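Contents: one structure, followed by commentary.
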Amino acid sequence: SLQDAERLRFSELVRPSIKSFLPTFPEEGSVFDVTFHKKANRWVPWAYRVPAFIFNPASSFHDLIVPTPQTVAVRSIMATLLKERQHVLLTGASGTGKSVAQQATMFEDLATEDNASPWESMLMVFSARTSPHQVSDALEAKLRRHPTKVKDTLC
């Protein structure tokens, strides 16, 4: 994963290539800072898509998720890739919200818990002691519970 200094260098390196096929791509900022707004037909900062945070005093601290431009970007890109049946690998330092973003994408953006949704998800924690048999059992149990969601292929 790219850290701040590498992101700037990467932006400087790839911006000319991006501009060669997307001439309206912004000159300023990082290539990671913008997304295309279809209705407005222009590039906008990810911050434009950050929803308002509504604090619920009844929520415990570990359940609070404050949306940021980075979490909005990760969730949007992840949902887009998954809808196109592409694999996603999130990397980064511990405690940066990868699991939270992944779970929010699955449950909120793709509605995997909704029986009407074409999407199905499952959470598995792996350790050094996880055996292939345990993985197989968990997958088979999930498929038995939702046989109507099993299509021609699994992602």
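To be explicit about the labels: the chains of the structure tokens are called A, B, and onward in the order shown, and within each one the residues are counted from 1, while ligands get numbers from 1 in the order they are shown.
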Neighbour list for segment 80-88 of chain A as an mmCIF file with N, CA, C and O atoms, in the first residue's frame, cut-off 12 Å, only C-alpha atoms, skip fewer than 2 positions in-chain:
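Saved the output as around02.cif:
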```cif
data_model
loop_
_atom_site.group_PDB
_atom_site.id
_atom_site.type_symbol
_atom_site.label_atom_id
_atom_site.label_comp_id
_atom_site.auth_asym_id
_atom_site.auth_seq_id
_atom_site.Cartn_x
_atom_site.Cartn_y
_atom_site.Cartn_z
ATOM 1 N N ALA A 73 -14.225 6.705 -0.356
ATOM 2 C CA ALA A 73 -13.520 6.254 -1.561
ATOM 3 C C ALA A 73 -13.326 4.741 -1.555
ATOM 4 O O ALA A 73 -13.612 4.058 -2.543
ATOM 5 N N VAL A 74 -12.853 4.199 -0.435
ATOM 6 C CA VAL A 74 -12.609 2.756 -0.345
ATOM 7 C C VAL A 74 -13.912 1.984 -0.562
ATOM 8 O O VAL A 74 -13.954 1.028 -1.335
ATOM 9 N N ARG A 75 -14.971 2.397 0.107
ATOM 10 C CA ARG A 75 -16.254 1.700 -0.024
ATOM 11 C C ARG A 75 -16.796 1.789 -1.444
ATOM 12 O O ARG A 75 -17.297 0.806 -1.984
ATOM 13 N N SER A 76 -16.705 2.949 -2.051
ATOM 14 C CA SER A 76 -17.221 3.133 -3.405
ATOM 15 C C SER A 76 -16.456 2.289 -4.421
ATOM 16 O O SER A 76 -17.055 1.611 -5.262
ATOM 17 N N ILE A 77 -15.142 2.337 -4.323
ATOM 18 C CA ILE A 77 -14.313 1.563 -5.253
ATOM 19 C C ILE A 77 -14.521 0.074 -5.035
ATOM 20 O O ILE A 77 -14.652 -0.700 -5.988
ATOM 21 N N MET A 78 -14.580 -0.348 -3.768
ATOM 22 C CA MET A 78 -14.786 -1.763 -3.468
ATOM 23 C C MET A 78 -16.141 -2.245 -3.998
ATOM 24 O O MET A 78 -16.227 -3.303 -4.630
ATOM 25 N N LEU A 90 -7.756 -5.538 0.316
ATOM 26 C CA LEU A 90 -7.471 -4.309 1.053
ATOM 27 C C LEU A 90 -6.201 -4.505 1.856
ATOM 28 O O LEU A 90 -6.063 -5.493 2.573
ATOM 29 N N THR A 91 -5.292 -3.553 1.730
ATOM 30 C CA THR A 91 -4.054 -3.617 2.497
ATOM 31 C C THR A 91 -3.894 -2.329 3.282
ATOM 32 O O THR A 91 -4.508 -1.313 2.959
ATOM 33 N N LYS A 98 -9.908 -1.114 7.647
ATOM 34 C CA LYS A 98 -10.140 -1.993 6.495
ATOM 35 C C LYS A 98 -11.328 -2.918 6.731
ATOM 36 O O LYS A 98 -12.208 -3.045 5.880
ATOM 37 N N GLN A 102 -14.915 -2.885 4.783
ATOM 38 C CA GLN A 102 -15.358 -4.093 4.079
ATOM 39 C C GLN A 102 -16.728 -4.516 4.563
ATOM 40 O O GLN A 102 -17.616 -4.817 3.765
ATOM 41 N N THR A 105 -19.420 -2.107 3.342
ATOM 42 C CA THR A 105 -19.695 -2.317 1.922
ATOM 43 C C THR A 105 -20.596 -3.531 1.730
ATOM 44 O O THR A 105 -21.580 -3.483 0.990
ATOM 45 N N MET A 106 -20.277 -4.617 2.410
ATOM 46 C CA MET A 106 -21.081 -5.836 2.279
ATOM 47 C C MET A 106 -22.513 -5.637 2.769
ATOM 48 O O MET A 106 -23.467 -5.968 2.085
ATOM 49 N N ASP A 109 -23.849 -1.308 1.350
ATOM 50 C CA ASP A 109 -23.822 -1.003 -0.082
ATOM 51 C C ASP A 109 -24.355 -2.148 -0.936
ATOM 52 O O ASP A 109 -25.035 -1.922 -1.932
ATOM 53 N N LEU A 110 -24.035 -3.376 -0.573
ATOM 54 C CA LEU A 110 -24.485 -4.529 -1.356
ATOM 55 C C LEU A 110 -25.655 -5.264 -0.707
ATOM 56 O O LEU A 110 -26.201 -6.192 -1.302
ATOM 57 N N ALA A 111 -26.038 -4.865 0.496
ATOM 58 C CA ALA A 111 -27.194 -5.432 1.219
ATOM 59 C C ALA A 111 -27.151 -6.953 1.258
ATOM 60 O O ALA A 111 -28.139 -7.628 0.981
ATOM 61 N N PRO A 118 -28.966 -10.045 -4.561
ATOM 62 C CA PRO A 118 -28.258 -11.114 -5.273
ATOM 63 C C PRO A 118 -26.910 -11.430 -4.640
ATOM 64 O O PRO A 118 -26.248 -12.371 -5.048
ATOM 65 N N TRP A 119 -26.518 -10.649 -3.650
ATOM 66 C CA TRP A 119 -25.208 -10.789 -3.025
ATOM 67 C C TRP A 119 -25.295 -11.566 -1.733
ATOM 68 O O TRP A 119 -26.247 -11.449 -0.987
ATOM 69 N N GLU A 120 -24.272 -12.338 -1.479
ATOM 70 C CA GLU A 120 -24.162 -13.130 -0.254
ATOM 71 C C GLU A 120 -22.761 -12.919 0.294
ATOM 72 O O GLU A 120 -21.797 -12.849 -0.458
ATOM 73 N N SER A 121 -22.645 -12.800 1.589
ATOM 74 C CA SER A 121 -21.314 -12.637 2.187
ATOM 75 C C SER A 121 -21.218 -13.491 3.442
ATOM 76 O O SER A 121 -22.232 -13.931 3.988
ATOM 77 N N THR A 153 -22.019 -19.387 -10.645
ATOM 78 C CA THR A 153 -20.642 -19.309 -10.133
ATOM 79 C C THR A 153 -20.647 -18.595 -8.796
ATOM 80 O O THR A 153 -21.577 -17.872 -8.469
ATOM 81 N N LEU A 154 -19.609 -18.793 -8.069
ATOM 82 C CA LEU A 154 -19.393 -18.073 -6.817
ATOM 83 C C LEU A 154 -18.209 -17.158 -6.991
ATOM 84 O O LEU A 154 -17.251 -17.508 -7.641
ATOM 85 N N CYS A 155 -18.263 -15.969 -6.404
ATOM 86 C CA CYS A 155 -17.097 -15.068 -6.450
ATOM 87 C C CYS A 155 -16.305 -15.257 -5.195
ATOM 88 O O CYS A 155 -16.818 -15.231 -4.150
#
```
Original post:
What lies within 12 Å of Ile54 of chain A using only C-alpha atoms, ignoring chain neighbours under 3 positions off, as a list in words?
Top reply: Pro51, Pro57, Ala58, Ser59, Leu64, Ile65, Val66 and Pro67 of chain A
Original post:
Could you pull out all residues of segment 30-102 of chain A with a DSSP call of helix (DSSP H, G or I) and give them as a list in words?
Top reply: Trp46, Ala47, Tyr48, Arg49, Phe61, His62, Asp63, Pro69, Gln70, Thr71, Val72, Ala73, Val74, Arg75, Ser76, Ile77, Met78, Ala79, Thr80, Leu81, Leu82, Lys83, Lys98, Ser99, Val100, Ala101 and Gln102 of chain A
**OP:** Pick out each residue of segment 27-97 of chain A that DSSP on the backbone tags as strand (DSSP E or B); I need them as a list in words.
**Re:** Val34, Thr35, Phe36, His37, Arg42, Trp43, Val44 and Pro45 of chain A
**OP:** Considering only C-alpha atoms, state which residue in the set A:Ala52, A:Ala116, A:Leu8, A:Val125 is at the smallest distance from Phe32 of chain A.
**Re:** A:Leu8
Original post:
How many Å lie between atom CA of Lys142 of chain A and atom CA of Ala101 of chain A, rounded to one decimal?
Top reply: 22.0 Å
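Closest approach to Ala47 of chain A among A:Glu27, A:Asp137, A:Asp114, A:Asp33: A:Asp33, based on only C-alpha atoms.
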